[in-house]
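*Asks:* Got a structure for you, written out below as structure tokens; questions coming shortly.
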Amino acid sequence: MTEVIAVAVITLLAVISPGADFAMVVRNSCLYGRTTGLFAAAGVAAGVLVHVTYTMLGVGLLIASSTELFTAIKLAGAAYLVCIGVRTFVARADLTVDLSSKPALGPVGALRSGFLTNVLNPKTTLFVVSTFTQVVGPGTPMWQQAGYGLFMSAAHLGWFGAIALFFSDSRLRAAMLRRQKALNRAIGSVLVGLGVTLGFAR
């Protein structure tokens, strides 16, 4: 029971901590609407399952012990965040959101953006690997570890789904789109800052 509580607490604290996933879901929800934001949230949740899978298979231990491998993952994630951040920063300020027509970023694109943001995020790598290596005991059954992994993914889906619903509200979105240039620059700057910080983090 102590192990279950520990996993739950660590997961919830990690999920609500603002980071790259949060910035990406907010961006998609504000610019393209509720459905796109929810697909981005689903992509984040799917990305968590990737981290859980390789950790359960033992690759997480390799990443934790190999400086070169972890550095490669860290730099790839940092480069992706910087790229998306720059694109957001320089985006046109006259974008309009019409939920009755096909959004500029389709469901597949939103799913992919959420998935890649999470999969290439060293923060999630550290979160999953540290949870499984420090909290989950070596004698924990595989089915129970899989349950922990599904809980982690579900927690991300629930939290970021709620974020997508909130930031896709028509009144809030309309107010933000009136200040779209500043919004794009703010979110773009956050993404670039996260990318640079993660890239240089030791």
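Ligands are numbered from 1 in the order shown, residues from 1 within each chain, and chains are lettered A, B, ... in the order they appear in the structure tokens.
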Mind checking which residues fall within 7 Å of Gly37 of chain A, counting only C-alpha atoms, ignoring those fewer than 5 positions away in the same chain, and posting them as a PyMOL selection string?
*Replies:* chain A and resi 25+28-29+164
*Asks:* Got a sec to tell me which of segment 25-184 of chain A DSSP assigns to helix (DSSP H, G or I), as number ranges by chain?
*Replies:* A: 25-32, 34-56, 59-65, 67-89, 107-119, 122-134, 142-167, 170-177, 180-184
*Asks:* Fewer than 5 positions away in the same chain doesn't count, so skip those; otherwise give me all residues within 12 Å of Ser17 of chain A, counting only C-alpha atoms, as a PyMOL selection string.
*Replies:* chain A and resi 10-12+22-23+123-124+127+156+159-160
*Asks:* Work out how far apart atom CA of Thr35 of chain A and atom CA of Ala154 of chain A are and give it in Å to one decimal.
*Replies:*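 Result for atom CA of Thr35 of chain A versus atom CA of Ala154 of chain A: 17.9 Å, one decimal.
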*Asks:* Excluding Phe167 of chain A and any residue of its chain fewer than 6 positions from it, enumerate the residues within 8 Å of it, using only C-alpha atoms, and give them as a PyMOL selection string.
*Replies:* chain A and resi 26+29-30+34+173
*Asks:* Could you save the residues just selected, with N, CA and C atoms, as a PDB file, in the first residue's frame?
*Replies:*
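Everything below was put into part-v5.pdb:
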ATOM      1  N   VAL A  26      -1.724  23.930 -23.909  1.00  0.00           N
ATOM      2  CA  VAL A  26      -2.335  25.262 -23.856  1.00  0.00           C
ATOM      3  C   VAL A  26      -2.291  25.922 -25.229  1.00  0.00           C
ATOM      4  N   SER A  29      -4.810  24.243 -27.610  1.00  0.00           N
ATOM      5  CA  SER A  29      -6.189  24.497 -27.198  1.00  0.00           C
ATOM      6  C   SER A  29      -6.614  25.931 -27.505  1.00  0.00           C
ATOM      7  N   CYS A  30      -5.725  26.877 -27.221  1.00  0.00           N
ATOM      8  CA  CYS A  30      -6.051  28.287 -27.449  1.00  0.00           C
ATOM      9  C   CYS A  30      -6.143  28.605 -28.941  1.00  0.00           C
ATOM     10  N   ARG A  34     -10.987  23.031 -28.736  1.00  0.00           N
ATOM     11  CA  ARG A  34     -11.089  21.962 -27.740  1.00  0.00           C
ATOM     12  C   ARG A  34     -10.642  20.605 -28.273  1.00  0.00           C
ATOM     13  N   ARG A 173     -10.816  31.910 -24.837  1.00  0.00           N
ATOM     14  CA  ARG A 173     -10.037  31.855 -26.070  1.00  0.00           C
ATOM     15  C   ARG A 173     -10.149  33.151 -26.859  1.00  0.00           C
TER      16      ARG A 173
END
*Asks:* Near Cys83 of chain A, counting only C-alpha atoms, which residues have an atom at most 10 Å away, once you skip same-chain residues fewer than 3 positions from it, shown as a ChimeraX atom specification?
*Replies:* /A:77-80,86-89,188,191-192,195
